[in-house]
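J.: TSV, C-alpha atoms and all ligand atoms, file start.tsv:
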chain	number	residue	atom	x	y	z
F	702	MET	CA	-0.31	-32.92	-39.73
F	703	ASN	CA	-0.82	-34.94	-36.59
F	704	GLY	CA	-3.24	-33.40	-34.17
F	705	GLY	CA	-2.41	-35.70	-31.25
F	706	ASN	CA	-3.46	-39.12	-29.97
F	707	GLU	CA	-6.42	-40.34	-28.03
F	708	ALA	CA	-4.89	-39.22	-24.74
F	709	CYS	CA	-5.67	-35.69	-25.87
F	710	GLU	CA	-9.41	-36.30	-25.67
F	711	THR	CA	-11.07	-35.12	-22.52
F	712	ILE	CA	-14.49	-35.95	-21.23
F	713	TYR	CA	-15.80	-32.42	-21.47
F	714	TYR	CA	-14.99	-29.02	-22.83
F	715	LEU	CA	-16.73	-25.70	-23.05
F	716	ARG	CA	-16.29	-23.18	-25.86
F	717	MET	CA	-16.39	-19.90	-24.00
F	718	SER	CA	-14.90	-16.49	-24.57
F	719	VAL	CA	-13.05	-14.38	-22.10
F	720	GLU	CA	-14.25	-10.85	-22.33
F	721	HIS	CA	-11.24	-9.15	-20.95
F	722	THR	CA	-8.37	-9.98	-23.32
F	723	GLU	CA	-6.30	-6.81	-23.53
F	724	ASN	CA	-5.45	-5.88	-27.11
F	725	PHE	CA	-2.16	-4.38	-28.20
F	726	GLU	CA	-1.32	-2.86	-31.57
F	727	PRO	CA	1.85	-4.09	-33.35
F	728	PRO	CA	5.06	-2.58	-31.98
F	729	GLU	CA	7.11	-0.45	-34.37
F	730	GLY	CA	10.52	-1.23	-35.80
F	731	LEU	CA	10.18	-4.98	-36.28
F	732	GLY	CA	10.22	-4.83	-40.09
F	733	PHE	CA	6.63	-5.99	-40.51
F	734	GLU	CA	5.28	-6.49	-44.04
F	735	THR	CA	2.00	-4.81	-45.00
F	736	PHE	CA	-0.10	-4.31	-48.15
F	737	SER	CA	-1.16	-0.95	-49.56
F	738	PRO	CA	-4.95	-0.25	-49.47
F	739	LEU	CA	-4.98	-0.64	-53.28
F	740	LYS	CA	-3.33	-4.06	-53.10
F	741	GLN	CA	-5.73	-5.14	-50.36
F	742	ALA	CA	-8.72	-4.08	-52.46
F	743	PHE	CA	-7.29	-5.90	-55.49
F	744	LYS	CA	-6.84	-9.08	-53.46
F	745	ARG	CA	-10.37	-8.89	-52.04
F	746	ALA	CA	-12.05	-8.14	-55.37
F	747	LEU	CA	-10.05	-10.34	-57.73
F	748	ILE	CA	-7.25	-12.54	-56.38
F	749	ASN	CA	-9.07	-14.18	-53.46
F	750	PRO	CA	-12.26	-15.08	-55.38
F	751	LEU	CA	-10.09	-16.47	-58.19
F	752	ALA	CA	-8.01	-18.56	-55.76
F	753	ASN	CA	-11.10	-19.73	-53.88
F	754	TYR	CA	-13.37	-20.59	-56.79
F	755	MET	CA	-11.11	-21.68	-59.64
F	756	PRO	CA	-11.52	-25.49	-60.05
F	757	ALA	CA	-9.14	-27.06	-57.51
F	758	GLY	CA	-7.83	-29.59	-60.03
F	759	LEU	CA	-6.82	-26.80	-62.38
F	760	THR	CA	-5.06	-24.83	-59.63
F	761	LYS	CA	-3.23	-27.94	-58.44
F	762	ALA	CA	-2.13	-28.74	-61.99
F	763	ALA	CA	-0.85	-25.18	-62.43
F	764	LEU	CA	1.08	-25.35	-59.14
F	765	ARG	CA	2.51	-28.75	-60.07
F	766	TYR	CA	3.52	-27.43	-63.49
F	767	GLY	CA	5.04	-24.34	-61.84
F	768	LYS	CA	7.01	-26.64	-59.43
F	769	SER	CA	5.68	-24.82	-56.38
F	770	GLU	CA	7.67	-25.94	-53.31
F	771	LEU	CA	5.04	-24.54	-50.95
F	772	ALA	CA	2.29	-26.58	-52.62
F	773	ALA	CA	4.46	-29.73	-52.64
F	774	ALA	CA	5.29	-29.29	-48.92
F	775	ASN	CA	1.60	-28.92	-48.06
F	776	TRP	CA	0.56	-31.89	-50.16
F	777	THR	CA	3.08	-34.04	-48.27
F	778	ASP	CA	2.24	-32.65	-44.82
F	779	PRO	CA	-0.51	-30.00	-44.77
F	780	GLY	CA	0.60	-27.08	-42.57
F	781	GLY	CA	3.74	-28.97	-41.52
F	782	TRP	CA	7.09	-27.47	-40.56
F	783	ARG	CA	8.50	-27.44	-44.12
F	784	SER	CA	5.73	-25.15	-45.35
F	785	MET	CA	6.52	-22.87	-42.37
F	786	VAL	CA	10.21	-22.75	-43.28
F	787	ILE	CA	9.35	-21.86	-46.89
F	788	SER	CA	6.91	-19.15	-45.77
F	789	TYR	CA	9.30	-17.71	-43.15
F	790	ASN	CA	12.13	-17.66	-45.66
F	791	GLY	CA	10.06	-15.72	-48.20
F	792	ARG	CA	12.73	-15.90	-50.93
F	793	CYS	CA	11.73	-18.42	-53.57
F	794	GLU	CA	13.10	-19.63	-56.90
F	795	GLN	CA	9.88	-20.59	-58.67
F	796	ILE	CA	7.50	-17.94	-60.03
F	797	ALA	CA	4.52	-19.80	-58.51
F	798	ASP	CA	6.14	-19.49	-55.07
F	799	LYS	CA	7.20	-15.89	-55.61
F	800	ILE	CA	3.47	-15.13	-55.97
F	801	LEU	CA	2.17	-17.52	-53.27
F	802	VAL	CA	4.88	-16.99	-50.65
F	803	GLY	CA	6.05	-13.49	-51.48
F	804	ALA	CA	2.64	-11.87	-51.95
F	805	GLY	CA	0.17	-14.32	-50.35
F	806	THR	CA	-1.61	-12.96	-47.30
F	807	VAL	CA	-1.12	-16.01	-45.04
F	808	PRO	CA	2.63	-16.52	-45.74
F	809	THR	CA	3.19	-12.76	-45.28
F	810	ALA	CA	1.21	-12.79	-42.02
F	811	LEU	CA	3.24	-15.83	-40.92
F	812	ARG	CA	6.47	-13.87	-41.34
F	813	ASN	CA	4.92	-11.06	-39.31
F	814	ARG	CA	3.86	-13.55	-36.64
F	815	LYS	CA	7.40	-14.91	-36.44
F	816	ARG	CA	8.87	-11.40	-36.00
F	817	LEU	CA	6.26	-10.47	-33.39
F	818	ALA	CA	6.48	-13.73	-31.44
F	819	ALA	CA	10.31	-13.73	-31.38
F	820	HIS	CA	10.27	-10.14	-30.08
F	821	LEU	CA	7.70	-10.93	-27.36
F	822	LEU	CA	9.51	-14.12	-26.30
F	823	ALA	CA	12.83	-12.26	-26.08
F	824	ASP	CA	11.14	-9.72	-23.78
F	825	LEU	CA	9.66	-12.51	-21.64
F	826	ILE	CA	13.08	-14.20	-21.35
F	827	ASP	CA	14.64	-10.89	-20.27
F	828	ALA	CA	11.85	-10.29	-17.74
F	829	ASP	CA	12.05	-13.79	-16.26
F	830	GLY	CA	15.01	-13.25	-13.97
F	831	SER	CA	16.13	-16.91	-13.81
F	832	GLU	CA	19.78	-17.83	-14.20
F	833	SER	CA	18.78	-19.57	-17.44
F	834	THR	CA	15.15	-19.31	-18.55
F	835	HIS	CA	13.69	-22.64	-19.63
F	836	VAL	CA	11.33	-22.32	-22.60
F	837	LEU	CA	9.18	-25.31	-23.49
F	838	CYS	CA	8.12	-25.28	-27.15
F	839	LEU	CA	5.21	-27.51	-28.08
F	840	GLY	CA	4.87	-28.57	-31.73
F	841	ALA	CA	8.14	-26.72	-32.21
F	842	GLY	CA	9.23	-27.89	-35.67
F	843	PRO	CA	12.88	-26.83	-36.10
F	844	GLY	CA	12.40	-24.03	-33.53
F	845	GLN	CA	12.99	-21.01	-35.76
F	846	ILE	CA	10.98	-18.66	-33.53
F	847	ILE	CA	12.56	-19.63	-30.22
F	848	ILE	CA	16.07	-19.67	-31.71
F	849	GLU	CA	15.48	-16.12	-33.01
F	850	ALA	CA	14.07	-15.08	-29.60
F	851	MET	CA	17.04	-16.52	-27.68
F	852	ALA	CA	19.41	-14.74	-30.09
F	853	GLN	CA	17.59	-11.43	-29.47
F	854	ALA	CA	17.34	-11.79	-25.68
F	855	ASN	CA	19.98	-10.27	-23.42
F	856	SER	CA	19.50	-12.96	-20.76
F	857	LYS	CA	20.46	-16.61	-20.92
F	858	ALA	CA	17.85	-19.18	-21.93
F	859	HIS	CA	17.58	-22.80	-22.96
F	860	ALA	CA	14.75	-24.49	-24.83
F	861	THR	CA	13.14	-27.91	-24.94
F	862	LEU	CA	11.59	-28.41	-28.35
F	863	VAL	CA	8.95	-31.08	-28.60
F	864	ASP	CA	7.65	-32.42	-31.86
F	865	ILE	CA	6.02	-35.65	-32.93
F	866	ASN	CA	7.93	-35.49	-36.21
F	867	THR	CA	11.73	-35.73	-36.01
F	868	ASP	CA	12.33	-34.63	-39.63
F	869	SER	CA	12.91	-31.04	-38.58
F	870	PHE	CA	15.40	-31.69	-35.77
F	871	ASP	CA	18.65	-31.74	-37.78
F	872	PHE	CA	17.66	-28.53	-39.53
F	873	GLY	CA	16.81	-26.98	-36.15
F	874	ARG	CA	20.12	-28.05	-34.59
F	875	GLN	CA	21.96	-26.50	-37.54
F	876	LEU	CA	19.99	-23.25	-37.18
F	877	ALA	CA	20.80	-23.10	-33.46
F	878	ALA	CA	24.49	-23.83	-34.08
F	879	GLU	CA	24.68	-21.03	-36.69
F	880	ARG	CA	23.43	-18.60	-34.01
F	881	GLY	CA	25.89	-19.93	-31.41
F	882	LEU	CA	23.02	-21.58	-29.51
F	883	GLY	CA	23.76	-25.23	-30.23
F	884	GLU	CA	24.17	-26.01	-26.52
F	885	CYS	CA	20.90	-24.28	-25.58
F	886	VAL	CA	18.43	-26.47	-27.47
F	887	ARG	CA	17.18	-29.97	-26.71
F	888	PHE	CA	14.89	-31.70	-29.20
F	889	ILE	CA	12.47	-34.33	-27.98
F	890	GLU	CA	10.39	-36.62	-30.16
F	891	ALA	CA	7.06	-36.87	-28.40
F	892	ASP	CA	3.38	-36.19	-28.62
F	893	VAL	CA	2.60	-32.95	-26.79
F	894	CYS	CA	-0.25	-34.78	-25.09
F	895	ASP	CA	2.27	-36.80	-23.07
F	896	LEU	CA	4.07	-33.79	-21.57
F	897	HIS	CA	4.40	-35.04	-18.03
F	898	GLU	CA	6.19	-38.22	-19.18
F	899	TYR	CA	9.33	-36.56	-20.46
F	900	LEU	CA	9.75	-33.25	-18.67
F	901	ASP	CA	11.85	-33.11	-15.52
F	902	ASP	CA	12.93	-29.45	-15.64
F	903	PRO	CA	9.83	-27.20	-15.08
F	904	PRO	CA	9.43	-24.54	-17.80
F	905	HIS	CA	9.47	-20.81	-17.03
F	906	ILE	CA	7.75	-20.06	-20.37
F	907	VAL	CA	5.60	-22.29	-22.57
F	908	LYS	CA	5.32	-21.59	-26.28
F	909	MET	CA	2.47	-23.09	-28.27
F	910	LEU	CA	2.71	-21.31	-31.62
F	911	GLY	CA	1.52	-22.66	-34.96
F	912	ILE	CA	-0.32	-25.58	-33.43
F	913	CYS	CA	-3.67	-24.48	-31.92
F	914	GLU	CA	-5.14	-23.86	-35.39
F	915	TYR	CA	-4.81	-27.59	-36.08
F	916	LEU	CA	-6.18	-28.82	-32.75
F	917	GLY	CA	-9.73	-29.26	-31.48
F	918	ASP	CA	-10.94	-27.40	-28.40
F	919	GLU	CA	-10.60	-30.44	-26.15
F	920	GLN	CA	-7.06	-31.10	-27.27
F	921	ILE	CA	-6.02	-27.50	-26.61
F	922	VAL	CA	-7.47	-27.55	-23.09
F	923	THR	CA	-5.86	-30.91	-22.29
F	924	ILE	CA	-2.41	-29.93	-23.57
F	925	ALA	CA	-2.49	-26.48	-21.96
F	926	ARG	CA	-3.65	-28.00	-18.67
F	927	ALA	CA	-0.73	-30.44	-18.74
F	928	ALA	CA	1.60	-27.48	-19.36
F	929	ALA	CA	-0.03	-25.45	-16.56
F	930	ASP	CA	0.55	-28.32	-14.13
F	931	LEU	CA	4.30	-27.98	-14.73
F	932	MET	CA	4.51	-24.18	-14.55
F	933	PRO	CA	4.94	-21.86	-11.56
F	934	ALA	CA	2.10	-19.37	-10.88
F	935	GLY	CA	2.50	-16.22	-12.98
F	936	ALA	CA	4.55	-17.98	-15.69
F	937	PRO	CA	3.60	-17.05	-19.27
F	938	ILE	CA	2.20	-19.20	-22.05
F	939	VAL	CA	2.50	-17.81	-25.60
F	940	PHE	CA	0.07	-18.98	-28.27
F	941	ASN	CA	-1.60	-17.63	-31.43
F	942	SER	CA	-5.05	-17.31	-32.92
F	943	ILE	CA	-5.84	-17.08	-36.63
F	944	SER	CA	-8.70	-15.08	-38.15
F	945	LYS	CA	-10.56	-15.79	-41.38
F	946	SER	CA	-9.78	-12.24	-42.51
F	947	HIS	CA	-7.08	-13.61	-44.86
F	948	GLY	CA	-10.02	-14.52	-47.13
F	949	THR	CA	-8.47	-17.67	-48.63
F	950	ASP	CA	-9.67	-20.47	-46.35
F	951	ARG	CA	-11.56	-22.14	-49.22
F	952	PHE	CA	-8.34	-22.16	-51.30
F	953	PHE	CA	-6.31	-23.71	-48.48
F	954	ARG	CA	-8.89	-26.41	-47.85
F	955	ARG	CA	-9.46	-27.39	-51.48
F	956	VAL	CA	-6.00	-26.93	-52.96
F	957	PHE	CA	-3.61	-27.62	-50.07
F	958	GLY	CA	-5.85	-29.91	-47.98
F	959	LEU	CA	-5.19	-27.59	-45.06
F	960	HIS	CA	-8.05	-27.44	-42.56
F	961	MET	CA	-7.31	-24.69	-40.09
F	962	ILE	CA	-9.57	-23.90	-37.16
F	963	HIS	CA	-10.15	-20.16	-36.94
F	964	ARG	CA	-10.77	-18.75	-33.48
F	965	SER	CA	-10.85	-15.22	-32.14
F	966	PRO	CA	-8.27	-14.25	-29.49
F	967	ASP	CA	-11.12	-14.26	-26.93
F	968	GLU	CA	-12.30	-17.75	-27.91
F	969	LEU	CA	-8.80	-19.18	-27.71
F	970	SER	CA	-8.09	-17.40	-24.44
F	971	GLY	CA	-11.38	-18.88	-23.15
F	972	LEU	CA	-9.96	-22.36	-23.76
F	973	MET	CA	-6.67	-21.41	-22.09
F	974	GLN	CA	-8.66	-20.07	-19.14
F	975	GLN	CA	-10.22	-23.50	-18.66
F	976	ALA	CA	-6.68	-24.91	-18.53
F	977	GLY	CA	-5.63	-22.57	-15.70
F	978	PHE	CA	-4.41	-19.40	-17.42
F	979	GLY	CA	-5.59	-15.78	-17.19
F	980	ASP	CA	-4.50	-12.12	-17.69
F	981	PHE	CA	-4.48	-12.45	-21.46
F	982	ILE	CA	-2.81	-9.86	-23.68
F	983	ALA	CA	-3.34	-10.20	-27.45
F	984	HIS	CA	-0.78	-8.66	-29.82
F	985	ARG	CA	-2.03	-8.18	-33.38
F	986	GLU	CA	0.35	-8.59	-36.31
F	987	PRO	CA	-0.24	-5.77	-38.84
F	988	LEU	CA	-2.30	-7.77	-41.36
F	989	GLY	CA	-4.72	-8.78	-38.58
F	990	VAL	CA	-4.56	-12.46	-39.58
F	991	TYR	CA	-2.71	-13.63	-36.47
F	992	HIS	CA	-2.73	-12.51	-32.85
F	993	VAL	CA	0.11	-13.62	-30.61
F	994	ILE	CA	-1.40	-13.96	-27.14
F	995	ILE	CA	0.33	-14.12	-23.77
F	996	GLY	CA	-1.52	-15.63	-20.82
F	997	ARG	CA	-0.31	-16.20	-17.27
F	998	LYS	CA	-0.67	-19.29	-15.12
F	999	VAL	CA	-3.09	-18.35	-12.36
F	1000	ARG	CA	-2.69	-19.41	-8.73
F	1001	SER	CA	-5.03	-22.28	-7.75
F	1002	GLY	CA	-7.11	-19.97	-5.51
F	1003	GLU	CA	-7.50	-17.45	-8.34
F	1004	MET	CA	-8.53	-20.25	-10.69
F	1005	SER	CA	-11.50	-21.32	-8.60
F	1006	GLU	CA	-12.59	-17.68	-8.38
F	1007	ALA	CA	-12.38	-17.41	-12.18
F	1008	HIS	CA	-14.87	-20.26	-12.62
L	1101	LIG	C1	2.74	-25.74	-38.30
L	1101	LIG	S1	4.12	-26.48	-37.59
L	1101	LIG	C2	4.61	-25.16	-36.50
L	1101	LIG	C3	6.06	-25.16	-36.19
L	1101	LIG	C4	6.48	-24.02	-35.27
L	1101	LIG	N1	5.85	-24.10	-33.98
L	1101	LIG	C5	6.22	-22.67	-35.91
L	1101	LIG	O1	5.26	-21.99	-35.52
L	1101	LIG	O2	6.97	-22.29	-36.80
L	1101	LIG	C6	3.33	-27.55	-36.44
L	1101	LIG	C7	4.24	-28.58	-35.83
L	1101	LIG	O3	3.51	-29.25	-34.80
L	1101	LIG	C8	3.88	-30.60	-34.79
L	1101	LIG	N2	2.81	-31.38	-34.12
L	1101	LIG	C9	1.52	-31.52	-34.53
L	1101	LIG	N3	0.83	-32.27	-33.66
L	1101	LIG	C10	1.71	-32.61	-32.66
L	1101	LIG	C11	1.61	-33.37	-31.47
L	1101	LIG	N4	0.46	-33.93	-31.11
L	1101	LIG	N5	2.70	-33.48	-30.69
L	1101	LIG	C12	3.87	-32.91	-31.04
L	1101	LIG	N6	4.03	-32.18	-32.15
L	1101	LIG	C13	2.97	-32.03	-32.96
L	1101	LIG	C14	4.06	-30.94	-36.27
L	1101	LIG	O4	4.87	-32.09	-36.46
L	1101	LIG	C15	4.71	-29.65	-36.79
L	1101	LIG	O5	6.11	-29.73	-36.78
So that I can check it, write out the structure of this file as structure tokens.
Ligand SMILES: C[S@@+](CC[C@H](N)C(=O)[O-])C[C@H]1O[C@@H](n2cnc3c(N)ncnc32)[C@H](O)[C@@H]1O

T.:
Amino acid sequence: MNGGNEACETIYYLRMSVEHTENFEPPEGLGFETFSPLKQAFKRALINPLANYMPAGLTKAALRYGKSELAAANWTDPGGWRSMVISYNGRCEQIADKILVGAGTVPTALRNRKRLAAHLLADLIDADGSESTHVLCLGAGPGQIIIEAMAQANSKAHATLVDINTDSFDFGRQLAAERGLGECVRFIEADVCDLHEYLDDPPHIVKMLGICEYLGDEQIVTIARAAADLMPAGAPIVFNSISKSHGTDRFFRRVFGLHMIHRSPDELSGLMQQAGFGDFIAHREPLGVYHVIIGRKVRSGEMSEAH
């Protein structure tokens, strides 16, 4: 997965935490998936250690033999959009994937994150009050979350979906068309670091989901600052953190070649604060692996006070 070009590198950065991120429990009625306490204990005591410490070559061979689509997608593009689509879908043919995708903690938490984020984005669109709310999606893949959010919202919205990889665009256009939203999406092939070069229509909402865990601190600050420059004061940015509580980081690194950067909601909000955002609210998905966080662009006066 491409983490951006050299333009993303800034001269300085500071890893700091904000201490005032408000935390919200998951809302009810979104169809979240959870594990029973017994299943959680079983995973912690047996499944996770097995996944983490079984020789990687053996696990890879078993996944290859089992024709796992999730493993194949990650080997081609670790953490790329195809692995997201497989995880979001959740219904798999192969037994290996039924176990990995259907019962794995991270794929399950990803489906929860999608439900939560789509719900929050739909609320933000409805609260925006513009004639048509413009949502800018960075590292959007095919745009499953924003398409779901626009379908749920009562107000009109349109989205600009930016991705460095065009492979997902046709699939995204088809998804949007199936929901009657074909006219509301615009896909742009670009590096999110070059935001200012291709955006003429200022965004009311910026969505940065599924990307921060693959970016360094400096890159996050640079990209978020470029987004902040385009946004009106008070406009929301939506992003997510990932916690190591899923307990399978060693498995993902060794078997899938997936190197995710785990940050707490406070740490990630601290980076967003450096980019000109504040008033952070973190929404936990029920497994506690992901938080979907909403920050607001601060006014320039407020920003200098914050530092
Ligand atoms: C893990 S997928 C997430 C897709 C979607 N946002 C979601 O949460 O379902 C990350 C996406 O970010 C894109 N990406 C990574 N680095 C990028 C960059 N520097 N500029 C634009 N897109 C990038 C990848 O091509 C990939 O489609």

J.: Taking all atoms listed in the file into account, name the residue in F:Cys885, F:Leu969, F:Ile995, F:Leu910 that is nearest to Lys815 of chain F.

T.: F:Leu910

J.: The centre and edge lengths of an axis-aligned box containing all atoms of segment 867-871 of chain F present in the file, extended by 5 Å on each side, are to be given in Å to one decimal, as JSON.

T.:
{"center_x": 15.2, "center_y": -33.4, "center_z": -37.7, "size_x": 16.9, "size_y": 14.7, "size_z": 13.9}

J.: Give me, as JSON lines, the closest atom pair and its distance (Å, one decimal) for every residue of chain F within a cut-off of 6 Å of ligand LIG 1101 (chain L), counting all atoms listed in the file, rows sorted by chain and rising number.

T.:
{"residue": "F:Met702", "atom": "CA", "partner": "L:LIG1101", "partner_atom": "C9", "distance": 5.7}
{"residue": "F:Asn703", "atom": "CA", "partner": "L:LIG1101", "partner_atom": "N3", "distance": 4.3}
{"residue": "F:Gly704", "atom": "CA", "partner": "L:LIG1101", "partner_atom": "N3", "distance": 4.3}
{"residue": "F:Gly705", "atom": "CA", "partner": "L:LIG1101", "partner_atom": "N4", "distance": 3.4}
{"residue": "F:Gly780", "atom": "CA", "partner": "L:LIG1101", "partner_atom": "C1", "distance": 5.0}
{"residue": "F:Gly781", "atom": "CA", "partner": "L:LIG1101", "partner_atom": "S1", "distance": 4.7}
{"residue": "F:Trp782", "atom": "CA", "partner": "L:LIG1101", "partner_atom": "S1", "distance": 4.3}
{"residue": "F:Met785", "atom": "CA", "partner": "L:LIG1101", "partner_atom": "O2", "distance": 5.6}
{"residue": "F:Gly840", "atom": "CA", "partner": "L:LIG1101", "partner_atom": "O3", "distance": 3.4}
{"residue": "F:Ala841", "atom": "CA", "partner": "L:LIG1101", "partner_atom": "N1", "distance": 3.9}
{"residue": "F:Gly842", "atom": "CA", "partner": "L:LIG1101", "partner_atom": "O5", "distance": 3.8}
{"residue": "F:Val863", "atom": "CA", "partner": "L:LIG1101", "partner_atom": "C12", "distance": 5.9}
{"residue": "F:Asp864", "atom": "CA", "partner": "L:LIG1101", "partner_atom": "N6", "distance": 3.6}
{"residue": "F:Ile865", "atom": "CA", "partner": "L:LIG1101", "partner_atom": "C12", "distance": 4.0}
{"residue": "F:Asn866", "atom": "CA", "partner": "L:LIG1101", "partner_atom": "O4", "distance": 4.6}
{"residue": "F:Ala891", "atom": "CA", "partner": "L:LIG1101", "partner_atom": "C12", "distance": 5.7}
{"residue": "F:Asp892", "atom": "CA", "partner": "L:LIG1101", "partner_atom": "N5", "distance": 3.5}
{"residue": "F:Val893", "atom": "CA", "partner": "L:LIG1101", "partner_atom": "N5", "distance": 3.9}
{"residue": "F:Leu910", "atom": "CA", "partner": "L:LIG1101", "partner_atom": "O1", "distance": 4.7}
{"residue": "F:Gly911", "atom": "CA", "partner": "L:LIG1101", "partner_atom": "O1", "distance": 3.8}
{"residue": "F:Ile912", "atom": "CA", "partner": "L:LIG1101", "partner_atom": "C6", "distance": 5.1}

J.: Please report the interatomic distance between atom CA of Phe733 of chain F and atom CA of Thr949 of chain F in Å with one decimal.

T.: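 Interatomic distance, atom CA of Phe733 of chain F to atom CA of Thr949 of chain F: 20.7 Å.
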
J.: Let me make sure I understand: among F:Ala752, F:Cys793, F:Leu988, F:Ile994, which one has the smallest atom-to-atom distance to Asn813 of chain F if we use all atoms listed in the file?

T.: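 Among the listed residues, the smallest separation from Asn813 of chain F belongs to F:Leu988.
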
J.: Within 12 Å of Ile787 of chain F, counting only C-alpha atoms, which residues qualify if same-chain residues fewer than 5 places away don't, as a list in words?

T.: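 Using only C-alpha atoms, the neighbours found are Ser769, Glu770, Leu771, Ala772, Ala773, Ala774, Asn775, Gly780, Gly781, Trp782, Arg792, Cys793, Glu794, Gln795, Asp798, Lys799, Leu801, Val802, Gly803, Pro808, Thr809, Leu811, Arg812 and Gln845 of chain F.
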
J.: What is the distance, in Å and to one decimal place, between atom CA of Ala810 of chain F and atom CA of Gln974 of chain F?

T.: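 Value for the atom CA of Ala810 of chain F-atom CA of Gln974 of chain F distance: 26.0 Å.
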
J.: Quick one: everything within 8 Å of Ala858 of chain F, counting only C-alpha atoms, minus sequence neighbours fewer than 4 positions away in the same chain. Send it as a PDB file with C-alpha atoms, keeping the file's coordinate frame.

T.:
ATOM      1  CA  ILE F 826      13.080 -14.200 -21.350  1.00  0.00           C
ATOM      2  CA  SER F 833      18.780 -19.570 -17.440  1.00  0.00           C
ATOM      3  CA  THR F 834      15.150 -19.310 -18.550  1.00  0.00           C
ATOM      4  CA  HIS F 835      13.690 -22.640 -19.630  1.00  0.00           C
ATOM      5  CA  VAL F 836      11.330 -22.320 -22.600  1.00  0.00           C
ATOM      6  CA  MET F 851      17.040 -16.520 -27.680  1.00  0.00           C
ATOM      7  CA  CYS F 885      20.900 -24.280 -25.580  1.00  0.00           C
TER       8      CYS F 885
END

J.: Taking all atoms listed in the file into account, which of F:Ala925, F:Leu731, F:Val956, F:Ala797 comes nearest Tyr754 of chain F?

T.: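 Looking only at the distances to Tyr754 of chain F, the closest residue turns out to be F:Val956.
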
J.: For atom CA of Leu882 of chain F and atom CA of Asp824 of chain F, determine how far apart the two atoms are, in Å to one decimal place.

T.: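 Result for atom CA of Leu882 of chain F versus atom CA of Asp824 of chain F: 17.7 Å, one decimal.
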
J.: Between F:Lys761, F:Met909, F:Thr806, F:Arg1000, which residue has the minimum interatomic distance to Ser788 of chain F, considering all atoms listed in the file?

T.: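 Distance minimum relative to Ser788 of chain F lands on F:Thr806.
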
J.: Which of these, F:Ala757, F:Ala927, F:Ile796, F:Leu739, has the shortest distance to Gln975 of chain F once you count only C-alpha atoms?

T.: F:Ala927
